[in-house]
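Okay, entry.csv now, which holds CSV, C-alpha atoms:
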```csv
chain,number,residue,atom,x,y,z
W,12,MET,CA,-16.8,17.6,33.5
W,13,SER,CA,-15.2,17.5,30.1
W,14,LEU,CA,-17.1,17.9,26.8
W,15,THR,CA,-16.4,14.3,26.0
W,16,ASP,CA,-17.6,13.0,29.4
W,17,SER,CA,-20.8,15.0,29.0
W,18,VAL,CA,-21.5,13.5,25.6
W,19,ARG,CA,-20.8,10.0,26.9
W,20,ARG,CA,-23.4,10.5,29.7
W,21,SER,CA,-26.1,11.9,27.4
W,22,PRO,CA,-27.1,9.1,24.9
W,23,THR,CA,-30.6,10.6,24.1
W,24,MET,CA,-32.4,13.9,24.4
W,25,SER,CA,-34.4,12.4,27.3
W,26,ALA,CA,-31.1,12.8,29.3
W,27,ALA,CA,-31.6,16.5,29.2
W,28,LYS,CA,-30.6,17.0,32.9
W,29,GLU,CA,-27.2,15.5,32.3
W,30,SER,CA,-26.5,17.2,29.0
W,31,ALA,CA,-28.2,20.6,29.8
W,32,GLY,CA,-24.8,22.2,30.5
W,33,LEU,CA,-23.4,21.1,27.1
W,34,LEU,CA,-26.5,21.8,25.0
W,35,SER,CA,-26.9,25.3,26.5
W,36,LEU,CA,-23.7,26.4,24.9
W,37,PRO,CA,-24.0,28.5,21.7
W,38,LEU,CA,-23.8,26.6,18.5
W,39,ASP,CA,-20.7,28.5,17.4
W,40,ILE,CA,-19.1,26.8,20.5
W,41,LEU,CA,-20.7,23.4,20.0
W,42,VAL,CA,-19.3,23.1,16.5
W,43,LEU,CA,-15.8,23.1,18.0
W,44,LEU,CA,-16.7,19.9,19.9
W,45,PRO,CA,-15.0,17.4,17.5
W,46,GLY,CA,-11.6,19.0,18.2
W,47,TYR,CA,-12.0,18.2,21.9
W,48,LEU,CA,-13.1,14.6,21.6
W,49,HIS,CA,-10.7,11.8,22.4
W,50,ASN,CA,-11.3,9.3,19.6
W,51,ILE,CA,-13.6,8.2,16.8
W,52,GLU,CA,-15.8,6.3,19.2
W,53,ASP,CA,-16.5,9.6,21.0
W,54,LEU,CA,-17.5,11.2,17.7
W,55,MET,CA,-19.9,8.4,17.0
W,56,ASN,CA,-21.4,8.6,20.5
W,57,ALA,CA,-21.9,12.3,20.1
W,58,ALA,CA,-23.6,11.9,16.7
W,59,SER,CA,-26.0,9.4,18.1
W,60,SER,CA,-27.0,11.3,21.2
W,61,CYS,CA,-29.3,14.0,19.8
W,62,LYS,CA,-30.0,16.1,16.7
W,63,THR,CA,-28.2,19.1,18.0
W,64,LEU,CA,-24.9,17.3,18.6
W,65,ARG,CA,-25.3,15.2,15.4
W,66,ALA,CA,-25.4,18.5,13.5
W,67,CYS,CA,-22.4,19.8,15.4
W,68,VAL,CA,-20.1,16.8,14.9
W,69,ALA,CA,-21.1,16.7,11.2
W,70,THR,CA,-18.9,19.8,10.9
W,71,ALA,CA,-15.8,17.8,11.8
W,72,THR,CA,-13.1,18.2,9.1
W,73,PRO,CA,-11.7,15.1,7.4
W,74,ASN,CA,-8.3,15.8,9.1
W,75,THR,CA,-10.0,15.9,12.6
W,76,ILE,CA,-11.8,12.6,11.8
W,77,LEU,CA,-8.5,11.0,10.7
W,78,LYS,CA,-6.9,12.1,14.0
W,79,LEU,CA,-9.8,10.7,16.0
W,80,ALA,CA,-9.6,7.4,14.1
W,81,ALA,CA,-5.8,7.2,14.6
W,82,ALA,CA,-6.3,7.6,18.4
W,83,GLN,CA,-8.1,4.2,18.2
W,84,SER,CA,-6.1,2.6,15.4
W,85,ASN,CA,-5.2,-0.4,17.6
W,86,VAL,CA,-8.9,-1.1,18.2
W,87,PHE,CA,-10.7,-0.4,14.9
W,88,PHE,CA,-8.0,-0.1,12.2
W,89,ARG,CA,-5.6,-3.0,12.7
W,90,PRO,CA,-2.8,-3.6,11.8
W,91,SER,CA,-1.7,-0.2,13.1
W,92,PRO,CA,-0.6,2.1,11.6
W,93,HIS,CA,-0.7,0.2,8.3
W,94,PHE,CA,-4.5,0.3,7.8
W,95,LEU,CA,-4.9,4.1,8.2
W,96,ALA,CA,-1.6,4.8,6.4
W,97,THR,CA,-2.9,2.9,3.4
W,98,ALA,CA,-6.3,4.5,3.6
W,99,THR,CA,-4.7,8.0,3.3
W,100,ALA,CA,-1.7,7.1,1.1
W,101,ARG,CA,-3.3,8.2,-2.2
W,102,GLU,CA,-4.1,11.7,-0.8
W,103,LEU,CA,-0.6,11.8,0.7
W,104,GLY,CA,1.0,10.8,-2.7
W,105,ASN,CA,-1.0,13.5,-4.5
W,106,TRP,CA,0.2,16.1,-1.9
W,107,ALA,CA,3.8,15.0,-2.5
W,108,ARG,CA,3.3,15.5,-6.3
W,109,LYS,CA,2.6,19.1,-5.8
W,110,SER,CA,6.2,20.1,-5.3
W,111,ILE,CA,9.7,18.7,-5.1
W,112,LYS,CA,9.8,19.9,-1.4
W,113,ASN,CA,6.7,17.9,-0.5
W,114,GLU,CA,8.1,14.8,-2.2
W,115,GLN,CA,11.4,15.2,-0.3
W,116,GLU,CA,9.5,15.5,3.0
W,117,LEU,CA,7.6,12.3,2.2
W,118,ALA,CA,10.8,10.4,1.3
W,119,LYS,CA,12.4,11.6,4.6
W,120,LYS,CA,9.4,10.4,6.6
W,121,MET,CA,9.5,7.1,4.9
W,122,LYS,CA,12.8,6.4,6.6
W,123,GLN,CA,10.8,6.1,9.8
W,124,GLY,CA,8.8,3.3,8.3
W,125,VAL,CA,5.0,3.1,8.0
W,126,GLU,CA,4.9,5.1,11.3
W,127,GLY,CA,6.6,8.0,9.6
W,128,VAL,CA,4.2,7.9,6.7
W,129,MET,CA,1.3,7.9,9.1
W,130,GLU,CA,2.7,11.0,11.0
W,131,LEU,CA,2.9,12.9,7.7
W,132,ALA,CA,-0.7,11.8,6.8
W,133,LEU,CA,-2.0,13.2,10.1
W,134,ASP,CA,-0.6,16.6,9.0
W,135,HIS,CA,-1.8,16.6,5.4
W,136,CYS,CA,-4.6,14.1,4.9
W,137,GLY,CA,-8.1,13.3,6.1
W,138,LEU,CA,-10.9,10.8,6.0
W,139,THR,CA,-14.7,11.3,5.8
W,140,MET,CA,-17.1,9.2,7.9
W,141,GLU,CA,-18.4,7.8,4.6
W,142,ARG,CA,-15.0,6.6,3.7
W,143,ILE,CA,-14.5,5.1,7.2
W,144,ARG,CA,-17.8,3.1,6.7
W,145,GLU,CA,-16.4,2.0,3.3
W,146,LEU,CA,-13.2,0.8,4.9
W,147,HIS,CA,-15.2,-1.1,7.5
W,148,SER,CA,-17.0,-2.8,4.7
W,149,LEU,CA,-13.7,-3.5,2.8
W,150,ARG,CA,-12.3,-5.2,5.9
W,151,PHE,CA,-14.8,-8.0,5.5
W,152,SER,CA,-15.5,-8.0,1.7
W,153,VAL,CA,-11.9,-7.6,0.5
W,154,ILE,CA,-9.1,-7.3,3.0
W,155,ASN,CA,-9.7,-10.4,5.1
W,156,PRO,CA,-10.4,-12.7,2.1
W,157,VAL,CA,-7.3,-11.4,0.3
W,158,GLU,CA,-5.2,-11.8,3.4
W,159,ASP,CA,-6.3,-15.4,3.4
W,160,ILE,CA,-5.2,-15.8,-0.2
W,161,ILE,CA,-1.8,-14.3,0.7
W,162,ASP,CA,-1.5,-16.7,3.7
W,163,LYS,CA,-1.9,-19.6,1.3
W,164,CYS,CA,0.9,-18.1,-0.9
W,165,VAL,CA,3.6,-17.1,1.6
W,166,GLY,CA,2.1,-17.6,5.1
W,167,SER,CA,1.4,-20.3,7.6
W,168,GLN,CA,-1.2,-22.1,5.4
W,169,TRP,CA,1.4,-22.2,2.6
W,170,TYR,CA,4.0,-23.8,5.0
W,171,ALA,CA,1.3,-26.2,6.2
W,172,THR,CA,1.0,-27.8,2.8
W,173,PRO,CA,1.8,-31.5,3.2
W,174,GLY,CA,5.2,-32.3,1.6
W,175,PHE,CA,6.1,-28.6,1.5
W,176,TRP,CA,9.8,-29.3,1.4
W,177,SER,CA,9.6,-32.3,-0.8
W,178,GLY,CA,8.0,-30.8,-4.0
W,179,ALA,CA,4.4,-30.2,-3.0
W,180,VAL,CA,4.9,-26.5,-3.8
W,181,ASP,CA,7.0,-25.3,-6.6
W,182,ASP,CA,8.4,-22.3,-4.7
W,183,ALA,CA,9.3,-23.6,-1.3
W,184,TYR,CA,11.5,-21.1,0.6
W,185,THR,CA,12.2,-19.8,4.1
W,186,ILE,CA,10.1,-16.6,4.4
W,187,ALA,CA,9.1,-14.8,7.6
W,188,ALA,CA,5.9,-13.3,6.3
W,189,ASP,CA,3.1,-11.5,8.1
W,190,PRO,CA,0.1,-11.7,5.7
W,191,SER,CA,-1.9,-9.2,7.7
W,192,GLU,CA,0.8,-6.6,6.8
W,193,THR,CA,1.7,-7.9,3.4
W,194,VAL,CA,-1.8,-7.2,2.1
W,195,PHE,CA,-1.4,-3.6,3.2
W,196,HIS,CA,2.2,-3.4,1.7
W,197,LEU,CA,0.8,-4.3,-1.7
W,198,ALA,CA,-2.2,-1.9,-1.3
W,199,MET,CA,-0.1,1.0,0.1
W,200,TYR,CA,2.3,0.8,-2.9
W,201,GLY,CA,-0.7,1.1,-5.2
W,202,GLU,CA,-2.3,3.9,-3.3
W,203,LEU,CA,0.9,6.0,-3.3
W,204,PHE,CA,2.1,5.3,-6.9
W,205,ALA,CA,-0.9,4.1,-9.0
W,206,PRO,CA,-1.8,7.7,-10.2
W,207,ASP,CA,1.6,7.7,-12.1
W,208,PHE,CA,0.3,5.0,-14.4
W,209,GLU,CA,-2.2,7.3,-15.9
W,210,THR,CA,0.5,9.9,-16.5
W,211,ILE,CA,2.5,7.3,-18.4
W,212,LEU,CA,-0.5,5.9,-20.3
W,213,ASP,CA,-1.7,9.4,-21.4
W,214,ASN,CA,1.9,10.4,-22.2
W,215,ASN,CA,1.4,13.6,-20.2
W,216,ARG,CA,4.8,15.1,-19.4
W,217,ASN,CA,3.2,18.1,-17.7
W,218,VAL,CA,2.2,16.2,-14.6
W,219,ARG,CA,4.7,15.5,-11.9
W,220,THR,CA,5.2,11.8,-11.0
W,221,LEU,CA,6.9,10.5,-7.9
W,222,SER,CA,10.5,9.5,-8.5
W,223,VAL,CA,12.1,6.1,-8.6
W,224,ASP,CA,14.2,7.3,-5.6
W,225,THR,CA,11.0,7.9,-3.5
W,226,ARG,CA,9.6,4.5,-4.5
W,227,LEU,CA,12.9,2.8,-3.4
W,228,GLU,CA,12.8,4.7,0.0
W,229,PHE,CA,9.3,3.3,0.5
W,230,ILE,CA,10.4,-0.3,-0.3
W,231,LYS,CA,13.5,-0.1,1.9
W,232,TYR,CA,11.9,1.4,5.0
W,233,CYS,CA,8.1,0.6,4.9
W,234,LEU,CA,8.8,-3.0,4.0
W,235,PRO,CA,11.6,-3.6,6.4
W,236,ASP,CA,13.6,-6.8,5.6
W,237,GLU,CA,16.7,-8.3,7.1
W,238,TYR,CA,18.0,-9.1,3.6
W,239,THR,CA,17.4,-5.5,2.5
W,240,ARG,CA,19.4,-4.3,5.5
W,241,ILE,CA,22.3,-6.7,4.8
W,242,GLY,CA,22.5,-5.8,1.2
W,243,GLY,CA,22.3,-2.1,1.8
W,244,MET,CA,24.6,-1.7,4.8
W,245,ASN,CA,27.6,-3.9,4.2
W,246,ASP,CA,29.3,-2.1,1.2
W,247,SER,CA,30.0,1.6,1.0
W,248,SER,CA,30.6,1.3,-2.7
W,249,ILE,CA,27.1,0.4,-3.7
W,250,ASP,CA,24.7,2.7,-5.5
W,251,PRO,CA,23.5,5.4,-3.0
W,252,ARG,CA,19.9,4.5,-3.8
W,253,ARG,CA,20.4,1.1,-2.3
W,254,VAL,CA,22.0,2.3,1.0
W,255,VAL,CA,20.0,1.5,4.1
W,256,GLU,CA,20.5,3.8,7.1
W,257,GLU,CA,20.3,2.6,10.7
W,258,THR,CA,17.1,4.5,11.3
W,259,GLY,CA,13.4,3.8,11.6
W,260,PRO,CA,12.8,0.0,11.5
W,261,TYR,CA,16.6,-0.6,11.3
W,262,VAL,CA,17.5,0.9,14.6
W,263,GLN,CA,19.4,-1.4,16.9
W,264,GLY,CA,17.7,-2.4,20.1
W,265,PRO,CA,19.3,-2.1,23.6
W,266,ASP,CA,20.9,-5.5,23.1
W,267,GLY,CA,22.6,-4.4,20.0
W,268,ARG,CA,20.4,-6.5,17.7
W,269,PHE,CA,18.4,-5.2,14.8
W,270,GLN,CA,14.6,-5.4,15.4
W,271,VAL,CA,13.5,-6.5,12.0
W,272,GLN,CA,11.5,-9.7,12.5
W,273,HIS,CA,10.0,-10.3,9.1
W,274,THR,CA,11.3,-10.5,5.5
W,275,HIS,CA,8.6,-8.2,4.1
W,276,ASN,CA,10.3,-7.5,0.8
W,277,LEU,CA,10.9,-11.2,0.2
W,278,ALA,CA,7.3,-12.0,1.1
W,279,LEU,CA,5.8,-9.5,-1.3
W,280,THR,CA,8.3,-10.6,-4.1
W,281,TRP,CA,7.3,-14.2,-3.6
W,282,LEU,CA,3.6,-13.3,-3.5
W,283,ILE,CA,3.4,-11.4,-6.8
W,284,LYS,CA,5.4,-14.2,-8.5
W,285,SER,CA,3.4,-17.0,-6.9
W,286,GLY,CA,1.6,-19.6,-9.0
W,287,ARG,CA,-1.3,-19.3,-6.5
W,288,PHE,CA,-1.6,-15.5,-6.9
W,289,LYS,CA,-0.5,-14.2,-10.3
W,290,PRO,CA,-2.8,-16.5,-12.3
W,291,ARG,CA,-5.8,-14.9,-10.6
W,292,TYR,CA,-5.2,-11.8,-12.6
W,293,ALA,CA,-4.8,-13.8,-15.8
W,294,GLU,CA,-8.1,-15.4,-15.1
W,295,LEU,CA,-9.7,-12.0,-14.7
W,296,ARG,CA,-8.3,-10.8,-18.0
W,297,ALA,CA,-9.8,-13.9,-19.6
W,298,LYS,CA,-13.2,-13.3,-18.0
W,299,ALA,CA,-13.1,-9.8,-19.4
W,300,GLY,CA,-12.6,-11.3,-22.9
W,301,LEU,CA,-9.2,-9.8,-23.4
W,302,PRO,CA,-6.2,-11.5,-25.1
W,303,GLU,CA,-2.8,-11.3,-23.5
W,304,PHE,CA,0.0,-9.3,-25.2
W,305,GLU,CA,2.2,-12.4,-24.4
W,306,GLU,CA,1.1,-15.7,-22.9
W,307,ASP,CA,2.9,-17.0,-19.8
W,308,PHE,CA,4.9,-13.9,-19.4
W,309,ASP,CA,7.6,-14.3,-16.7
W,310,ASP,CA,10.1,-11.7,-15.6
W,311,GLY,CA,12.2,-14.1,-13.6
W,312,TRP,CA,13.3,-13.7,-10.0
W,313,TRP,CA,16.1,-11.2,-10.9
W,314,TYR,CA,16.6,-8.7,-13.6
W,315,HIS,CA,18.3,-9.9,-16.7
W,316,GLU,CA,18.5,-7.9,-20.0
W,317,SER,CA,17.2,-10.9,-21.9
W,318,HIS,CA,13.8,-10.6,-20.1
W,319,TYR,CA,13.4,-7.2,-21.7
W,320,ASP,CA,13.3,-8.7,-25.1
W,321,ARG,CA,9.8,-10.0,-24.3
W,322,ASP,CA,6.6,-8.0,-24.8
W,323,TRP,CA,6.9,-5.1,-22.4
W,324,ARG,CA,3.2,-4.3,-22.8
W,325,GLN,CA,2.3,-7.4,-20.9
W,326,ARG,CA,4.6,-6.4,-18.1
W,327,LEU,CA,3.0,-3.0,-17.9
W,328,TRP,CA,-0.6,-4.4,-18.0
W,329,GLU,CA,0.1,-6.9,-15.3
W,330,THR,CA,1.8,-4.4,-13.0
W,331,ILE,CA,-1.0,-1.8,-13.4
W,332,MET,CA,-3.7,-4.4,-12.4
W,333,MET,CA,-1.8,-5.6,-9.4
W,334,CYS,CA,-1.0,-2.1,-8.0
W,335,GLN,CA,-4.4,-0.4,-7.7
W,336,GLY,CA,-4.5,0.1,-3.9
W,337,LEU,CA,-7.2,-1.1,-1.4
W,338,ASP,CA,-10.2,-1.0,-3.7
W,339,GLY,CA,-8.1,-2.6,-6.5
W,340,LEU,CA,-7.8,-5.7,-4.3
W,341,GLY,CA,-11.4,-6.3,-5.2
W,342,MET,CA,-10.2,-7.7,-8.5
W,343,LEU,CA,-9.3,-10.8,-6.5
W,344,ARG,CA,-12.9,-11.2,-5.3
W,345,PRO,CA,-15.1,-13.1,-7.8
W,346,ASP,CA,-18.3,-11.1,-6.9
W,347,MET,CA,-16.5,-7.8,-7.6
W,348,GLN,CA,-14.6,-8.6,-10.8
W,349,GLN,CA,-17.1,-7.5,-13.4
W,350,ALA,CA,-17.0,-4.0,-12.1
W,351,TRP,CA,-13.4,-3.8,-13.2
W,352,PHE,CA,-13.8,-5.1,-16.8
W,353,ASN,CA,-14.1,-1.7,-18.4
W,354,ARG,CA,-11.0,-0.3,-16.6
W,355,ILE,CA,-9.0,-3.4,-17.6
W,356,ARG,CA,-10.0,-2.9,-21.2
W,357,GLU,CA,-9.2,0.8,-21.1
W,358,TRP,CA,-5.7,0.0,-19.7
W,359,ARG,CA,-5.1,-2.5,-22.4
W,360,ASP,CA,-6.2,-0.1,-25.2
W,361,LYS,CA,-4.0,2.6,-23.9
W,362,ILE,CA,-1.0,0.3,-23.5
W,363,ALA,CA,-1.5,-1.0,-27.1
W,364,LYS,CA,-1.2,2.5,-28.4
W,365,LEU,CA,2.2,3.2,-26.7
W,366,GLU,CA,5.0,3.1,-29.2
W,367,ARG,CA,7.8,2.2,-26.8
W,368,GLU,CA,8.4,1.0,-23.3
W,369,PRO,CA,8.9,3.7,-20.7
W,370,PRO,CA,12.6,4.2,-19.8
W,371,MET,CA,14.5,1.6,-17.8
W,372,ILE,CA,16.3,2.8,-14.6
W,373,LYS,CA,19.4,0.9,-13.7
W,374,VAL,CA,20.4,0.7,-10.0
W,375,GLY,CA,23.5,-1.4,-9.5
W,376,ARG,CA,23.0,-4.7,-11.4
W,377,GLN,CA,19.3,-4.5,-11.1
W,378,ALA,CA,16.8,-2.3,-12.9
W,379,THR,CA,13.3,-0.9,-12.6
W,380,LEU,CA,11.2,1.3,-14.9
W,381,GLU,CA,10.1,4.9,-15.0
W,382,TYR,CA,6.6,3.8,-14.1
W,383,PRO,CA,5.8,2.1,-10.7
W,384,PHE,CA,7.2,-1.3,-11.5
W,385,LEU,CA,6.8,-3.1,-8.2
W,386,LEU,CA,8.8,-6.2,-8.9
W,387,GLY,CA,11.7,-4.1,-10.2
W,388,ASP,CA,11.6,-1.9,-7.1
W,389,LEU,CA,11.6,-4.9,-4.8
W,390,ARG,CA,14.5,-6.6,-6.6
W,391,ILE,CA,16.7,-3.5,-6.4
W,392,CYS,CA,16.2,-3.2,-2.6
W,393,MET,CA,16.8,-6.9,-2.1
W,394,SER,CA,19.9,-7.1,-4.4
W,395,GLY,CA,23.2,-7.7,-2.7
W,396,TYR,CA,22.2,-10.5,-0.3
W,397,VAL,CA,22.5,-13.0,-3.2
W,398,PRO,CA,26.0,-13.0,-4.8
W,399,GLY,CA,25.9,-11.6,-8.3
W,400,SER,CA,22.6,-9.8,-7.8
```
As structure tokens, what does this structure read like?
Amino acid sequence: MSLTDSVRRSPTMSAAKESAGLLSLPLDILVLLPGYLHNIEDLMNAASSCKTLRACVATATPNTILKLAAAQSNVFFRPSPHFLATATARELGNWARKSIKNEQELAKKMKQGVEGVMELALDHCGLTMERIRELHSLRFSVINPVEDIIDKCVGSQWYATPGFWSGAVDDAYTIAADPSETVFHLAMYGELFAPDFETILDNNRNVRTLSVDTRLEFIKYCLPDEYTRIGGMNDSSIDPRRVVEETGPYVQGPDGRFQVQHTHNLALTWLIKSGRFKPRYAELRAKAGLPEFEEDFDDGWWYHESHYDRDWRQRLWETIMMCQGLDGLGMLRPDMQQAWFNRIREWRDKIAKLEREPPMIKVGRQATLEYPFLLGDLRICMSGYVPGS
């Protein structure tokens, strides 16, 4: 009988006869139990069986807990691997900031898509049981409601709007979105790159930030999109940072066809520009009693130099708010917004003190910024499929 089977068959101390063999082991052996369990459910069963085993499984390291959770990601952490990859992305990003070598390894793994990011997280990250309980709560309090908002912006509910193609919506377009993944694409970008905002706001040049190149690798391969593939594969003369390799999500299937089924880049671009999404953040800033740097700020669908004559502080403020990861999505929930008022004020105060906009980075005919500018990163990776972009 395996350790796992013994735990499953001994739900309480009254089952001493069945668990006697396991509990008779020395404690220095029992504390190794978490490493021999199959999944997170086994860990929970062991913890609820008796005081002795509860104390032993409490010694499980965050990395062990993450691996046990990953073993059941298709059951408890859907969509898989997006949920757990997002939950560990901030720690993984901070690991990558420690050295150029680490960041290069992260960028390389990104070429395998979200699956590659998850593989790297299993090597370098972890989760506590407390955080797993928080994630379970976030599923119902934040993730599901925000997914519904996204569905009304770029998903099936959006398409179901009566008169969709005859003017009922102001941004009708053909988009193959999966809102259950789009919510994690937005959150994962924030988890990975949001720490770099503080470096910019504090003007701290002694702290490593993740490069624009790494951000573009994330967008290209972790938000796979047919238009990204077309724009990045058909012209050998394009900027190398736009090149899309036939790897990860862009590998051809046995029938010779590419397997990309959704336009994930386009979906996220449409979302953050949507008149049903972007105003929610403006309403939050108003609730916090804060004036805009520029009213009705609009960056347009594509980069144009004239857009950068506008108040860049507004662009930075809006981007910071939208890219705060999983917990940051709580800004879209009315009952959670007040908890963000002080952070939003702090961001505005720091932005107001900046003397100039962080440097612009040109890639082909498009541009992004030194800080994590989500829209700019998305546009660069989408450029090429529309003539002149």
Ranking W:Ile111, W:Ala205, W:Ala100, W:Ile211 by minimum distance to Ala132 of chain W and counting all atoms listed in the file, which one comes first?
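Ranking W:Ile111, W:Ala205, W:Ala100, W:Ile211 by distance to Ala132 of chain W, first place goes to W:Ala100.
You can rank W:Asp213, W:Asp207, W:Glu368, W:Glu237 by their closest distance to Ala188 of chain W using all atoms listed in the file, and at the top of that list sits W:Glu237.
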With only C-alpha atoms as the atoms that count, which of W:Lys163, W:Lys298, W:Lys373, W:Lys289 lies nearest to Pro345 of chain W?
W:Lys298
W:Leu212, W:Asp307, W:Asp159, W:Ile51: which is nearest Leu138 of chain W, counting all atoms listed in the file?
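Residue with the minimum atom-to-atom distance to Leu138 of chain W: W:Ile51.
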With distances taken over all atoms listed in the file, which of W:Ser148, W:Thr75, W:Asn56, W:Thr225 is nearest to Glu114 of chain W?
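Closest to Glu114 of chain W of all the choices is W:Thr225.
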Set the distance at 12 Å and use all atoms listed in the file: which residues neighbour Trp312 of chain W once local chain neighbours fewer than 3 positions away are removed? I'd like the list as a VMD selection string.
chain W and resid 182 277 280 to 285 309 315 318 377 386 to 387 389 to 391 393 to 394 397 400
Give me, as a PyMOL selection string, all polymer residues having an atom no more than 8 Å from Ile76 of chain W, counting all atoms listed in the file and skipping those fewer than 2 positions away in the same chain.
chain W and resi 51+71-74+78-80+137-140
Hey, which of W:Leu380, W:Leu279, W:Leu301, W:Val374 ends up closest to Ile355 of chain W? Count all atoms listed in the file.
W:Leu301
Near-Pro90 of chain W list (10 Å; all atoms listed in the file; drop same-chain fewer than 5 positions) as an NGL selection string:
:W and (84-85 or 95 or 191-192 or 195)
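Our summary of the geometry notes that atom CA of Thr274 of chain W is positioned 23.8 Å from atom CA of Leu343 of chain W.
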Excluding same-chain residues fewer than 6 positions from Thr330 of chain W, what lies within 8 Å of it counting only C-alpha atoms, as number ranges by chain?
W: 383-385
Mind writing the picked residues with C-alpha atoms as an mmCIF file, in the frame of the given file?
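The new file part20.cif reads:
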```cif
data_model
loop_
_atom_site.group_PDB
_atom_site.id
_atom_site.type_symbol
_atom_site.label_atom_id
_atom_site.label_comp_id
_atom_site.auth_asym_id
_atom_site.auth_seq_id
_atom_site.Cartn_x
_atom_site.Cartn_y
_atom_site.Cartn_z
ATOM 1 C CA PRO W 383 5.800 2.100 -10.700
ATOM 2 C CA PHE W 384 7.200 -1.300 -11.500
ATOM 3 C CA LEU W 385 6.800 -3.100 -8.200
#
```
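Distance-wise, atom CA of Gly267 of chain W and atom CA of Ile186 of chain W end up 23.4 Å apart.
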Quick one: everything within 12 Å of Met347 of chain W, counting all atoms listed in the file, minus sequence neighbours fewer than 4 positions away in the same chain. Send it as a list in words.
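Selected residues are Leu149, Ser152, Val153, Leu295, Asp338, Gly339, Leu340, Gly341, Met342, Leu343, Trp351 and Phe352 of chain W.
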Using all atoms listed in the file and a cutoff of 12 Å, can you tell me which residues are near (17.5, -8.0, 4.0) in the file's coordinates, and write them out as a count of residues only?
40
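Going from atom CA of Arg226 of chain W over to atom CA of Thr97 of chain W, you cover 14.9 Å.
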Could you pull out every residue with an atom within 10 Å of (-1.4, -10.9, -27.1), file coordinates, counting all atoms listed in the file, and send them as a PDB file with C-alpha atoms, in the frame of the given file?
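The file below, part_20.pdb, is the result:
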```pdb
ATOM      1  CA  LEU W 301      -9.200  -9.800 -23.400  1.00  0.00           C
ATOM      2  CA  PRO W 302      -6.200 -11.500 -25.100  1.00  0.00           C
ATOM      3  CA  GLU W 303      -2.800 -11.300 -23.500  1.00  0.00           C
ATOM      4  CA  PHE W 304       0.000  -9.300 -25.200  1.00  0.00           C
ATOM      5  CA  GLU W 305       2.200 -12.400 -24.400  1.00  0.00           C
ATOM      6  CA  GLU W 306       1.100 -15.700 -22.900  1.00  0.00           C
ATOM      7  CA  ASP W 322       6.600  -8.000 -24.800  1.00  0.00           C
ATOM      8  CA  ARG W 324       3.200  -4.300 -22.800  1.00  0.00           C
ATOM      9  CA  GLN W 325       2.300  -7.400 -20.900  1.00  0.00           C
ATOM     10  CA  ALA W 363      -1.500  -1.000 -27.100  1.00  0.00           C
TER      11      ALA W 363
END
```
Missing atoms in segment 223-234 of chain W need filling: write out N, CA and C atoms for it as a PDB file, in the coordinates of the input.
```pdb
ATOM      1  N   VAL W 223      11.592   7.450  -8.908  1.00  0.00           N
ATOM      2  CA  VAL W 223      12.100   6.100  -8.600  1.00  0.00           C
ATOM      3  C   VAL W 223      12.742   6.130  -7.191  1.00  0.00           C
ATOM      4  N   ASP W 224      13.490   7.184  -6.899  1.00  0.00           N
ATOM      5  CA  ASP W 224      14.200   7.300  -5.600  1.00  0.00           C
ATOM      6  C   ASP W 224      13.165   7.210  -4.447  1.00  0.00           C
ATOM      7  N   THR W 225      12.043   7.893  -4.587  1.00  0.00           N
ATOM      8  CA  THR W 225      11.000   7.900  -3.500  1.00  0.00           C
ATOM      9  C   THR W 225      10.420   6.474  -3.413  1.00  0.00           C
ATOM     10  N   ARG W 226      10.180   5.824  -4.538  1.00  0.00           N
ATOM     11  CA  ARG W 226       9.600   4.500  -4.500  1.00  0.00           C
ATOM     12  C   ARG W 226      10.613   3.523  -3.777  1.00  0.00           C
ATOM     13  N   LEU W 227      11.894   3.688  -4.012  1.00  0.00           N
ATOM     14  CA  LEU W 227      12.900   2.800  -3.400  1.00  0.00           C
ATOM     15  C   LEU W 227      12.947   3.083  -1.863  1.00  0.00           C
ATOM     16  N   GLU W 228      12.799   4.353  -1.459  1.00  0.00           N
ATOM     17  CA  GLU W 228      12.800   4.700   0.000  1.00  0.00           C
ATOM     18  C   GLU W 228      11.568   3.962   0.624  1.00  0.00           C
ATOM     19  N   PHE W 229      10.444   3.968  -0.063  1.00  0.00           N
ATOM     20  CA  PHE W 229       9.300   3.300   0.500  1.00  0.00           C
ATOM     21  C   PHE W 229       9.539   1.794   0.659  1.00  0.00           C
ATOM     22  N   ILE W 230      10.096   1.161  -0.350  1.00  0.00           N
ATOM     23  CA  ILE W 230      10.400  -0.300  -0.300  1.00  0.00           C
ATOM     24  C   ILE W 230      11.360  -0.587   0.837  1.00  0.00           C
ATOM     25  N   LYS W 231      12.412   0.189   0.921  1.00  0.00           N
ATOM     26  CA  LYS W 231      13.500  -0.100   1.900  1.00  0.00           C
ATOM     27  C   LYS W 231      12.957   0.008   3.339  1.00  0.00           C
ATOM     28  N   TYR W 232      12.199   1.071   3.635  1.00  0.00           N
ATOM     29  CA  TYR W 232      11.900   1.400   5.000  1.00  0.00           C
ATOM     30  C   TYR W 232      10.452   1.003   5.445  1.00  0.00           C
ATOM     31  N   CYS W 233       9.528   0.951   4.497  1.00  0.00           N
ATOM     32  CA  CYS W 233       8.100   0.600   4.900  1.00  0.00           C
ATOM     33  C   CYS W 233       7.861  -0.874   4.671  1.00  0.00           C
ATOM     34  N   LEU W 234       8.788  -1.576   4.020  1.00  0.00           N
ATOM     35  CA  LEU W 234       8.800  -3.000   4.000  1.00  0.00           C
ATOM     36  C   LEU W 234      10.073  -3.551   4.523  1.00  0.00           C
TER      37      LEU W 234
END
```
